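Enquirer: Structure: entry_33.pdb, PDB, C-alpha atoms and all ligand atoms.
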MODEL        1
ATOM      1  CA  MET A  30      61.525 -46.626 -56.680  1.00  0.00           C
ATOM      2  CA  LYS A  31      62.518 -50.179 -57.434  1.00  0.00           C
ATOM      3  CA  LEU A  32      61.737 -50.889 -61.056  1.00  0.00           C
ATOM      4  CA  SER A  33      63.940 -53.928 -61.397  1.00  0.00           C
ATOM      5  CA  GLY A  34      67.554 -54.734 -61.022  1.00  0.00           C
ATOM      6  CA  GLU A  35      67.572 -56.961 -57.982  1.00  0.00           C
ATOM      7  CA  GLY A  36      70.224 -59.532 -58.526  1.00  0.00           C
ATOM      8  CA  VAL A  37      71.580 -57.817 -61.644  1.00  0.00           C
ATOM      9  CA  THR A  38      74.567 -56.658 -59.651  1.00  0.00           C
ATOM     10  CA  GLY A  39      75.042 -55.446 -56.121  1.00  0.00           C
ATOM     11  CA  GLN A  40      74.799 -51.973 -57.626  1.00  0.00           C
ATOM     12  CA  VAL A  41      71.711 -50.084 -58.676  1.00  0.00           C
ATOM     13  CA  ASN A  42      73.025 -48.406 -61.817  1.00  0.00           C
ATOM     14  CA  PHE A  43      70.366 -49.857 -64.074  1.00  0.00           C
ATOM     15  CA  THR A  44      67.650 -49.073 -61.583  1.00  0.00           C
ATOM     16  CA  SER A  45      68.859 -45.570 -60.874  1.00  0.00           C
ATOM     17  CA  HIS A  46      69.099 -44.793 -64.593  1.00  0.00           C
ATOM     18  CA  MET A  47      65.493 -45.966 -64.971  1.00  0.00           C
ATOM     19  CA  ASP A  48      64.489 -43.771 -62.062  1.00  0.00           C
ATOM     20  CA  ALA A  49      66.257 -40.825 -63.641  1.00  0.00           C
ATOM     21  CA  VAL A  50      64.571 -41.092 -67.037  1.00  0.00           C
ATOM     22  CA  VAL A  51      61.116 -41.630 -65.535  1.00  0.00           C
ATOM     23  CA  THR A  52      61.645 -38.615 -63.270  1.00  0.00           C
ATOM     24  CA  VAL A  53      62.665 -36.540 -66.284  1.00  0.00           C
ATOM     25  CA  ALA A  54      59.598 -37.736 -68.219  1.00  0.00           C
ATOM     26  CA  VAL A  55      57.343 -36.463 -65.410  1.00  0.00           C
ATOM     27  CA  ARG A  56      59.183 -33.178 -65.144  1.00  0.00           C
ATOM     28  CA  LEU A  57      59.048 -32.562 -68.908  1.00  0.00           C
ATOM     29  CA  VAL A  58      55.296 -33.171 -69.034  1.00  0.00           C
ATOM     30  CA  ASN A  59      54.559 -30.961 -66.042  1.00  0.00           C
ATOM     31  CA  ALA A  60      56.762 -28.120 -67.272  1.00  0.00           C
ATOM     32  CA  LEU A  61      55.936 -28.173 -70.981  1.00  0.00           C
ATOM     33  CA  THR A  62      52.333 -29.254 -71.535  1.00  0.00           C
ATOM     34  CA  PRO A  63      49.447 -26.794 -71.095  1.00  0.00           C
ATOM     35  CA  GLY A  64      46.425 -27.611 -68.981  1.00  0.00           C
ATOM     36  CA  GLN A  65      45.793 -27.028 -65.311  1.00  0.00           C
ATOM     37  CA  ALA A  66      48.117 -27.058 -62.350  1.00  0.00           C
ATOM     38  CA  HIS A  67      47.198 -26.941 -58.665  1.00  0.00           C
ATOM     39  CA  GLY A  68      43.824 -25.314 -59.276  1.00  0.00           C
ATOM     40  CA  ARG A  69      44.862 -22.824 -61.933  1.00  0.00           C
ATOM     41  CA  PRO A  70      45.166 -22.797 -65.702  1.00  0.00           C
ATOM     42  CA  TYR A  71      48.711 -23.654 -66.729  1.00  0.00           C
ATOM     43  CA  LEU A  72      50.604 -22.434 -69.750  1.00  0.00           C
ATOM     44  CA  PRO A  73      54.196 -23.565 -70.299  1.00  0.00           C
ATOM     45  CA  PRO A  74      56.836 -20.839 -70.347  1.00  0.00           C
ATOM     46  CA  ASP A  75      57.582 -19.592 -73.833  1.00  0.00           C
ATOM     47  CA  GLY A  76      60.527 -17.768 -75.367  1.00  0.00           C
ATOM     48  CA  GLY A  77      63.306 -17.179 -72.884  1.00  0.00           C
ATOM     49  CA  GLY A  78      61.752 -19.176 -70.063  1.00  0.00           C
ATOM     50  CA  MET A  79      61.392 -22.432 -71.950  1.00  0.00           C
ATOM     51  CA  PRO A  80      65.065 -23.482 -72.273  1.00  0.00           C
ATOM     52  CA  ALA A  81      65.564 -22.892 -68.551  1.00  0.00           C
ATOM     53  CA  ALA A  82      62.480 -24.974 -67.739  1.00  0.00           C
ATOM     54  CA  VAL A  83      63.703 -27.827 -69.942  1.00  0.00           C
ATOM     55  CA  THR A  84      67.208 -27.668 -68.502  1.00  0.00           C
ATOM     56  CA  ALA A  85      65.791 -27.859 -64.974  1.00  0.00           C
ATOM     57  CA  ALA A  86      63.664 -30.868 -65.935  1.00  0.00           C
ATOM     58  CA  LEU A  87      66.670 -32.713 -67.407  1.00  0.00           C
ATOM     59  CA  ARG A  88      68.882 -31.883 -64.431  1.00  0.00           C
ATOM     60  CA  ALA A  89      66.312 -33.514 -62.143  1.00  0.00           C
ATOM     61  CA  GLY A  90      67.548 -36.741 -63.737  1.00  0.00           C
ATOM     62  CA  ARG A  91      71.146 -35.929 -64.475  1.00  0.00           C
ATOM     63  CA  THR A  92      72.731 -32.968 -62.764  1.00  0.00           C
ATOM     64  CA  GLU A  93      75.576 -32.450 -65.218  1.00  0.00           C
ATOM     65  CA  THR A  94      73.308 -31.973 -68.253  1.00  0.00           C
ATOM     66  CA  ARG A  95      74.238 -28.891 -70.261  1.00  0.00           C
ATOM     67  CA  GLU A  96      71.819 -26.036 -70.883  1.00  0.00           C
ATOM     68  CA  VAL A  97      69.493 -26.600 -73.809  1.00  0.00           C
ATOM     69  CA  SER A  98      69.081 -24.152 -76.696  1.00  0.00           C
ATOM     70  CA  PRO A  99      65.748 -22.521 -77.608  1.00  0.00           C
ATOM     71  CA  GLY A 100      65.495 -24.821 -80.637  1.00  0.00           C
ATOM     72  CA  GLU A 101      66.068 -27.915 -78.520  1.00  0.00           C
ATOM     73  CA  ALA A 102      63.537 -26.679 -75.965  1.00  0.00           C
ATOM     74  CA  ALA A 103      60.887 -26.476 -78.689  1.00  0.00           C
ATOM     75  CA  GLU A 104      61.680 -30.068 -79.690  1.00  0.00           C
ATOM     76  CA  PHE A 105      61.402 -31.169 -76.067  1.00  0.00           C
ATOM     77  CA  ARG A 106      57.947 -29.643 -75.960  1.00  0.00           C
ATOM     78  CA  ALA A 107      56.831 -32.068 -78.676  1.00  0.00           C
ATOM     79  CA  VAL A 108      58.461 -34.941 -76.778  1.00  0.00           C
ATOM     80  CA  ALA A 109      56.570 -33.895 -73.644  1.00  0.00           C
ATOM     81  CA  GLU A 110      53.243 -33.949 -75.513  1.00  0.00           C
ATOM     82  CA  GLY A 111      53.950 -37.531 -76.562  1.00  0.00           C
ATOM     83  CA  ILE A 112      54.825 -38.572 -73.019  1.00  0.00           C
ATOM     84  CA  ARG A 113      51.674 -36.931 -71.656  1.00  0.00           C
ATOM     85  CA  ALA A 114      49.573 -39.003 -74.030  1.00  0.00           C
ATOM     86  CA  VAL A 115      51.027 -42.121 -72.389  1.00  0.00           C
ATOM     87  CA  PHE A 116      50.186 -40.922 -68.865  1.00  0.00           C
ATOM     88  CA  ASP A 117      46.681 -39.879 -69.952  1.00  0.00           C
ATOM     89  CA  ALA A 118      46.060 -43.276 -71.522  1.00  0.00           C
ATOM     90  CA  VAL A 119      47.254 -45.178 -68.442  1.00  0.00           C
ATOM     91  CA  ALA A 120      45.166 -42.995 -66.136  1.00  0.00           C
ATOM     92  CA  ALA A 121      42.098 -43.646 -68.316  1.00  0.00           C
ATOM     93  CA  GLY A 122      42.706 -47.386 -68.160  1.00  0.00           C
ATOM     94  CA  ARG A 123      43.629 -47.554 -71.857  1.00  0.00           C
ATOM     95  CA  THR A 124      46.771 -49.607 -71.380  1.00  0.00           C
ATOM     96  CA  ASP A 125      46.743 -50.886 -74.975  1.00  0.00           C
ATOM     97  CA  ALA A 126      46.788 -47.336 -76.294  1.00  0.00           C
ATOM     98  CA  ALA A 127      49.581 -46.430 -73.869  1.00  0.00           C
ATOM     99  CA  ALA A 128      51.662 -49.389 -75.039  1.00  0.00           C
ATOM    100  CA  ARG A 129      51.131 -48.470 -78.702  1.00  0.00           C
ATOM    101  CA  ARG A 130      52.249 -44.901 -77.961  1.00  0.00           C
ATOM    102  CA  VAL A 131      55.394 -46.086 -76.192  1.00  0.00           C
ATOM    103  CA  ASN A 132      56.222 -48.455 -79.046  1.00  0.00           C
ATOM    104  CA  GLU A 133      55.864 -45.546 -81.466  1.00  0.00           C
ATOM    105  CA  MET A 134      58.238 -43.479 -79.344  1.00  0.00           C
ATOM    106  CA  LEU A 135      60.763 -46.334 -79.177  1.00  0.00           C
ATOM    107  CA  ALA A 136      60.616 -46.761 -82.957  1.00  0.00           C
ATOM    108  CA  GLY A 137      60.619 -43.024 -83.658  1.00  0.00           C
ATOM    109  CA  THR A 138      63.703 -42.377 -81.538  1.00  0.00           C
ATOM    110  CA  GLY A 139      65.499 -45.568 -82.548  1.00  0.00           C
ATOM    111  CA  ALA A 140      65.973 -46.293 -78.857  1.00  0.00           C
ATOM    112  CA  ARG A 141      68.708 -48.826 -78.243  1.00  0.00           C
ATOM    113  CA  PRO A 142      70.528 -49.956 -75.125  1.00  0.00           C
ATOM    114  CA  ARG A 143      74.232 -49.404 -74.811  1.00  0.00           C
ATOM    115  CA  LEU A 144      76.752 -49.964 -72.062  1.00  0.00           C
ATOM    116  CA  ASP A 145      78.605 -46.757 -71.204  1.00  0.00           C
ATOM    117  CA  ARG A 146      81.405 -45.902 -68.840  1.00  0.00           C
ATOM    118  CA  HIS A 147      82.222 -42.336 -67.898  1.00  0.00           C
ATOM    119  CA  ASP A 148      83.052 -40.094 -64.968  1.00  0.00           C
ATOM    120  CA  GLY A 149      84.765 -42.884 -63.080  1.00  0.00           C
ATOM    121  CA  GLU A 150      81.560 -44.937 -62.883  1.00  0.00           C
ATOM    122  CA  PRO A 151      81.488 -48.651 -63.657  1.00  0.00           C
ATOM    123  CA  TRP A 152      79.891 -49.811 -66.878  1.00  0.00           C
ATOM    124  CA  HIS A 153      76.193 -49.081 -66.842  1.00  0.00           C
ATOM    125  CA  LEU A 154      73.319 -49.251 -69.226  1.00  0.00           C
ATOM    126  CA  HIS A 155      72.144 -46.142 -71.069  1.00  0.00           C
ATOM    127  CA  PHE A 156      69.531 -45.742 -73.738  1.00  0.00           C
ATOM    128  CA  HIS A 157      70.422 -43.811 -76.835  1.00  0.00           C
ATOM    129  CA  GLY A 158      68.556 -42.656 -79.875  1.00  0.00           C
ATOM    130  CA  ALA A 159      69.439 -43.487 -83.458  1.00  0.00           C
ATOM    131  CA  GLU A 160      71.131 -40.113 -83.723  1.00  0.00           C
ATOM    132  CA  ASP A 161      73.126 -38.810 -80.823  1.00  0.00           C
ATOM    133  CA  SER A 162      71.386 -35.497 -80.323  1.00  0.00           C
ATOM    134  CA  LEU A 163      70.457 -34.347 -76.842  1.00  0.00           C
ATOM    135  CA  VAL A 164      66.738 -34.369 -77.639  1.00  0.00           C
ATOM    136  CA  THR A 165      66.641 -37.784 -79.298  1.00  0.00           C
ATOM    137  CA  GLY A 166      68.795 -39.276 -76.562  1.00  0.00           C
ATOM    138  CA  TRP A 167      66.475 -38.096 -73.803  1.00  0.00           C
ATOM    139  CA  ALA A 168      63.353 -38.974 -75.771  1.00  0.00           C
ATOM    140  CA  ALA A 169      64.723 -42.488 -76.283  1.00  0.00           C
ATOM    141  CA  GLY A 170      65.587 -42.730 -72.591  1.00  0.00           C
ATOM    142  CA  CYS A 171      62.145 -41.544 -71.490  1.00  0.00           C
ATOM    143  CA  ALA A 172      60.436 -43.933 -73.914  1.00  0.00           C
ATOM    144  CA  THR A 173      62.505 -46.826 -72.584  1.00  0.00           C
ATOM    145  CA  GLY A 174      61.757 -45.870 -68.994  1.00  0.00           C
ATOM    146  CA  LEU A 175      58.038 -45.790 -69.732  1.00  0.00           C
ATOM    147  CA  ALA A 176      58.341 -49.106 -71.560  1.00  0.00           C
ATOM    148  CA  VAL A 177      59.968 -50.739 -68.528  1.00  0.00           C
ATOM    149  CA  VAL A 178      57.211 -49.436 -66.243  1.00  0.00           C
ATOM    150  CA  LEU A 179      54.377 -50.346 -68.621  1.00  0.00           C
ATOM    151  CA  GLY A 180      55.837 -53.786 -69.162  1.00  0.00           C
ATOM    152  CA  SER A 181      55.910 -54.517 -65.432  1.00  0.00           C
ATOM    153  CA  ASP A 182      53.365 -54.824 -62.653  1.00  0.00           C
ATOM    154  CA  LEU A 183      54.198 -51.218 -61.767  1.00  0.00           C
ATOM    155  CA  ARG A 184      52.270 -49.861 -64.769  1.00  0.00           C
ATOM    156  CA  GLY A 185      49.510 -48.429 -62.574  1.00  0.00           C
ATOM    157  CA  ARG A 186      52.044 -46.142 -60.957  1.00  0.00           C
ATOM    158  CA  LEU A 187      51.970 -43.686 -63.810  1.00  0.00           C
ATOM    159  CA  GLY A 188      49.334 -41.203 -62.683  1.00  0.00           C
ATOM    160  CA  VAL A 189      47.518 -37.984 -63.530  1.00  0.00           C
ATOM    161  CA  CYS A 190      46.553 -35.809 -60.554  1.00  0.00           C
ATOM    162  CA  THR A 191      42.975 -36.472 -59.419  1.00  0.00           C
ATOM    163  CA  ALA A 192      42.531 -33.102 -57.689  1.00  0.00           C
ATOM    164  CA  PRO A 193      40.031 -30.684 -59.266  1.00  0.00           C
ATOM    165  CA  ARG A 194      41.532 -28.332 -61.842  1.00  0.00           C
ATOM    166  CA  CYS A 195      44.848 -30.145 -62.024  1.00  0.00           C
ATOM    167  CA  ASP A 196      46.203 -32.475 -64.676  1.00  0.00           C
ATOM    168  CA  ARG A 197      49.873 -32.627 -63.740  1.00  0.00           C
ATOM    169  CA  VAL A 198      51.387 -36.117 -63.813  1.00  0.00           C
ATOM    170  CA  TYR A 199      53.369 -38.160 -61.299  1.00  0.00           C
ATOM    171  CA  VAL A 200      54.964 -41.522 -60.726  1.00  0.00           C
ATOM    172  CA  ASP A 201      53.741 -43.168 -57.561  1.00  0.00           C
ATOM    173  CA  THR A 202      56.765 -44.314 -55.581  1.00  0.00           C
ATOM    174  CA  SER A 203      54.829 -44.891 -52.359  1.00  0.00           C
ATOM    175  CA  ARG A 204      55.171 -48.298 -50.787  1.00  0.00           C
ATOM    176  CA  ASN A 205      51.470 -49.121 -50.999  1.00  0.00           C
ATOM    177  CA  ALA A 206      50.753 -47.442 -54.333  1.00  0.00           C
ATOM    178  CA  THR A 207      48.232 -45.090 -52.748  1.00  0.00           C
ATOM    179  CA  ARG A 208      49.270 -41.815 -54.335  1.00  0.00           C
ATOM    180  CA  ARG A 209      46.523 -39.835 -56.114  1.00  0.00           C
ATOM    181  CA  PHE A 210      47.881 -36.309 -56.376  1.00  0.00           C
ATOM    182  CA  CYS A 211      50.741 -34.605 -58.178  1.00  0.00           C
ATOM    183  CA  SER A 212      51.861 -32.727 -55.082  1.00  0.00           C
ATOM    184  CA  THR A 213      51.184 -32.052 -51.423  1.00  0.00           C
ATOM    185  CA  SER A 214      49.655 -28.770 -52.554  1.00  0.00           C
ATOM    186  CA  CYS A 215      46.897 -30.615 -54.434  1.00  0.00           C
ATOM    187  CA  GLN A 216      46.500 -33.142 -51.627  1.00  0.00           C
ATOM    188  CA  ASN A 217      45.966 -30.299 -49.162  1.00  0.00           C
ATOM    189  CA  ARG A 218      43.470 -28.555 -51.465  1.00  0.00           C
ATOM    190  CA  VAL A 219      41.361 -31.699 -51.672  1.00  0.00           C
ATOM    191  CA  LYS A 220      41.558 -32.266 -47.913  1.00  0.00           C
ATOM    192  CA  ALA A 221      40.490 -28.680 -47.224  1.00  0.00           C
ATOM    193  CA  ALA A 222      37.560 -28.963 -49.661  1.00  0.00           C
ATOM    194  CA  ALA A 223      36.426 -32.208 -48.023  1.00  0.00           C
ATOM    195  CA  PHE A 224      36.633 -30.546 -44.618  1.00  0.00           C
ATOM    196  CA  ARG A 225      34.536 -27.578 -45.791  1.00  0.00           C
ATOM    197  CA  ALA A 226      31.969 -29.920 -47.342  1.00  0.00           C
ATOM    198  CA  ALA A 227      31.676 -31.915 -44.118  1.00  0.00           C
ATOM    199  CA  HIS A 228      31.354 -28.703 -42.119  1.00  0.00           C
ATOM    200  CA  GLN A 229      28.567 -27.443 -44.386  1.00  0.00           C
ATOM    201  CA  GLN A 230      26.739 -30.737 -44.013  1.00  0.00           C
ATOM    202  CA  GLN A 231      26.806 -30.256 -40.253  1.00  0.00           C
ATOM    203  CA  THR A 232      25.491 -26.697 -40.324  1.00  0.00           C
ATOM    204  CA  ARG A 233      22.927 -27.241 -43.091  1.00  0.00           C
ATOM    205  CA  PRO A 234      20.084 -28.771 -41.031  1.00  0.00           C
ATOM    206  CA  GLY A 235      17.773 -25.974 -39.917  1.00  0.00           C
ATOM    207  CA  GLN A 236      17.890 -22.545 -41.504  1.00  0.00           C
ATOM    208  CA  PRO A 237      20.191 -21.791 -44.379  1.00  0.00           C
ATOM    209  CA  LYS A 238      22.809 -19.339 -43.145  1.00  0.00           C
ATOM    210  CA  LYS A 239      23.832 -17.770 -46.423  1.00  0.00           C
ATOM    211  CA  SER A 240      25.022 -14.470 -44.936  1.00  0.00           C
ATOM    212  CA  SER A 241      26.909 -15.891 -41.984  1.00  0.00           C
ATOM    213  CA  ALA A 242      30.306 -15.801 -43.664  1.00  0.00           C
ATOM    214  CA  SER A 243      31.553 -12.967 -41.475  1.00  0.00           C
ATOM    215  CA  ALA A 244      29.833 -14.091 -38.296  1.00  0.00           C
TER     216      ALA A 244
HETATM  217 ZN    ZN B 301      47.722 -31.687 -58.860  1.00  0.00          ZN
ENDMDL
END
Starting from the file, give its structure as structure tokens.

Expert:
Amino acid sequence: MKLSGEGVTGQVNFTSHMDAVVTVAVRLVNALTPGQAHGRPYLPPDGGGMPAAVTAALRAGRTETREVSPGEAAEFRAVAEGIRAVFDAVAAGRTDAAARRVNEMLAGTGARPRLDRHDGEPWHLHFHGAEDSLVTGWAAGCATGLAVVLGSDLRGRLGVCTAPRCDRVYVDTSRNATRRFCSTSCQNRVKAAAFRAAHQQQTRPGQPKKSSASA
């Protein structure tokens, strides 16, 4: 996904960091907020499962992230609730509310840009929180990533799955911005339902065939 960065340098460090934090934002929401997923009720893992779920979400953005503690995982759950509110607002067309939420997250985390250099990489831009804890750092990064998207013409690419009984979120990275579902699983469910509906329409004229399921 190209969020910006063309002409900044020949490299895509800024862009790839943006991609990473937006990816992590999606993964945190989908792992840690209750609701519905792919046609079923969804409850986030609790107790022992939660730190592993958070660690997996963070590693989707940065592979060398250390494992999180149970206490940190609980804090990430609150961060995920805040991020979900932004996706929900965008999906409902309430962009003003989404922007206010993101500004609150930026202020609450004390998000600030900083050039870092580590692991043999060239200088690149990171976003830190006011305090350098793992949770605040990621929350600041996610808030900044959402701010960059919301502040650009890509704001409509934050999405909530439109399939029935699913409210997982996604970022649309398709070329034509045509994505509507969180996953191919939901896309296939909707396709199959549309096919069944069309088939029923065809067989409906004439006698109802209620008991023909096994025919
Ligand atoms: Zn879905």

Enquirer: Taking only C-alpha atoms and all ligand atoms into account, produce a table as a Markdown table in which each residue of chain A with an atom at most 8 Å from an atom of ligand ZN 301 (chain B) appears once, together with its shortest atom pair and the distance in Å to one decimal, ordered by chain and rising number.

Expert:
| residue | atom | partner | partner_atom | distance |
| --- | --- | --- | --- | --- |
| A:Ala66 | CA | B:ZN301 | ZN | 5.8 |
| A:His67 | CA | B:ZN301 | ZN | 4.8 |
| A:Gly68 | CA | B:ZN301 | ZN | 7.5 |
| A:Val189 | CA | B:ZN301 | ZN | 7.8 |
| A:Cys190 | CA | B:ZN301 | ZN | 4.6 |
| A:Thr191 | CA | B:ZN301 | ZN | 6.8 |
| A:Ala192 | CA | B:ZN301 | ZN | 5.5 |
| A:Pro193 | CA | B:ZN301 | ZN | 7.8 |
| A:Arg194 | CA | B:ZN301 | ZN | 7.6 |
| A:Cys195 | CA | B:ZN301 | ZN | 4.5 |
| A:Asp196 | CA | B:ZN301 | ZN | 6.1 |
| A:Arg197 | CA | B:ZN301 | ZN | 5.4 |
| A:Val198 | CA | B:ZN301 | ZN | 7.6 |
| A:Phe210 | CA | B:ZN301 | ZN | 5.2 |
| A:Cys211 | CA | B:ZN301 | ZN | 4.3 |
| A:Ser212 | CA | B:ZN301 | ZN | 5.7 |
| A:Ser214 | CA | B:ZN301 | ZN | 7.2 |
| A:Cys215 | CA | B:ZN301 | ZN | 4.6 |
| A:Gln216 | CA | B:ZN301 | ZN | 7.5 |

Enquirer: Excluding region 126-134 of chain A and its own-chain neighbours fewer than 4 positions away, which residues fall within 12 Å of it when counting all atoms listed in the file? Please give them as an MDAnalysis selection string.

Expert: chainID A and resid 107:122 138:141 158:159 165:181 184:185 187

Enquirer: Considering only C-alpha atoms, state which residue in the set A:Pro63, A:Ala82, A:Glu93, A:Gly76 is at the smallest distance from Asp148 (chain A).

Expert: A:Glu93

Enquirer: For Thr62 (chain A), which residue among A:Arg106, A:Val50, A:Gln230, A:Leu163 is the nearest when counting all atoms listed in the file?

Expert: A:Arg106

Enquirer: Would you work out the distance separating CA of Ala81 (chain A) from CA of Asp48 (chain A), expressed in Å to one decimal?

Expert: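 The value is 21.9 Å.
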
Enquirer: Show me that you can extract region 172-192 of chain A, keeping N, CA and C atoms, and write it as a CSV table (one decimal), in the first residue's frame.

Expert:
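Below you can see decode.csv, which holds the result:
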chain,number,residue,atom,x,y,z
A,172,ALA,N,-1.8,5.2,16.1
A,172,ALA,CA,-2.6,6.5,16.0
A,172,ALA,C,-2.0,7.3,14.9
A,173,THR,N,-0.7,7.3,14.8
A,173,THR,CA,-0.1,8.1,13.7
A,173,THR,C,-0.4,7.5,12.4
A,174,GLY,N,-0.3,6.2,12.3
A,174,GLY,CA,-0.7,5.5,11.0
A,174,GLY,C,-2.1,5.9,10.6
A,175,LEU,N,-3.0,5.8,11.5
A,175,LEU,CA,-4.4,6.1,11.2
A,175,LEU,C,-4.6,7.6,10.8
A,176,ALA,N,-3.8,8.4,11.5
A,176,ALA,CA,-3.8,9.9,11.2
A,176,ALA,C,-3.4,10.1,9.8
A,177,VAL,N,-2.3,9.4,9.3
A,177,VAL,CA,-1.8,9.6,8.0
A,177,VAL,C,-2.9,9.2,7.0
A,178,VAL,N,-3.5,8.1,7.2
A,178,VAL,CA,-4.5,7.6,6.3
A,178,VAL,C,-5.7,8.5,6.3
A,179,LEU,N,-6.2,8.9,7.5
A,179,LEU,CA,-7.4,9.8,7.6
A,179,LEU,C,-7.1,11.1,7.0
A,180,GLY,N,-5.9,11.6,7.0
A,180,GLY,CA,-5.5,12.9,6.5
A,180,GLY,C,-5.2,12.9,5.0
A,181,SER,N,-5.4,11.7,4.4
A,181,SER,CA,-5.1,11.6,3.0
A,181,SER,C,-6.4,11.2,2.2
A,182,ASP,N,-6.3,11.1,0.9
A,182,ASP,CA,-7.4,10.7,0.1
A,182,ASP,C,-7.6,9.2,0.2
A,183,LEU,N,-6.8,8.5,1.0
A,183,LEU,CA,-7.0,7.1,1.2
A,183,LEU,C,-7.9,6.8,2.4
A,184,ARG,N,-8.6,7.8,3.0
A,184,ARG,CA,-9.3,7.6,4.2
A,184,ARG,C,-10.4,6.5,4.1
A,185,GLY,N,-11.0,6.4,2.9
A,185,GLY,CA,-12.1,5.4,2.7
A,185,GLY,C,-11.6,4.0,2.7
A,186,ARG,N,-10.3,3.8,2.8
A,186,ARG,CA,-9.7,2.5,2.8
A,186,ARG,C,-9.7,1.8,4.1
A,187,LEU,N,-10.1,2.5,5.1
A,187,LEU,CA,-10.3,1.8,6.4
A,187,LEU,C,-11.7,1.2,6.4
A,188,GLY,N,-11.8,-0.1,6.6
A,188,GLY,CA,-13.2,-0.7,6.4
A,188,GLY,C,-13.5,-1.7,7.5
A,189,VAL,N,-14.9,-1.9,7.6
A,189,VAL,CA,-15.4,-2.9,8.5
A,189,VAL,C,-16.1,-3.9,7.5
A,190,CYS,N,-15.9,-5.2,7.7
A,190,CYS,CA,-16.5,-6.2,6.8
A,190,CYS,C,-18.0,-6.0,6.7
A,191,THR,N,-18.4,-6.1,5.4
A,191,THR,CA,-19.8,-5.9,5.1
A,191,THR,C,-20.6,-7.3,5.0
A,192,ALA,N,-19.9,-8.4,5.3
A,192,ALA,CA,-20.6,-9.7,5.2
A,192,ALA,C,-21.5,-9.8,6.4
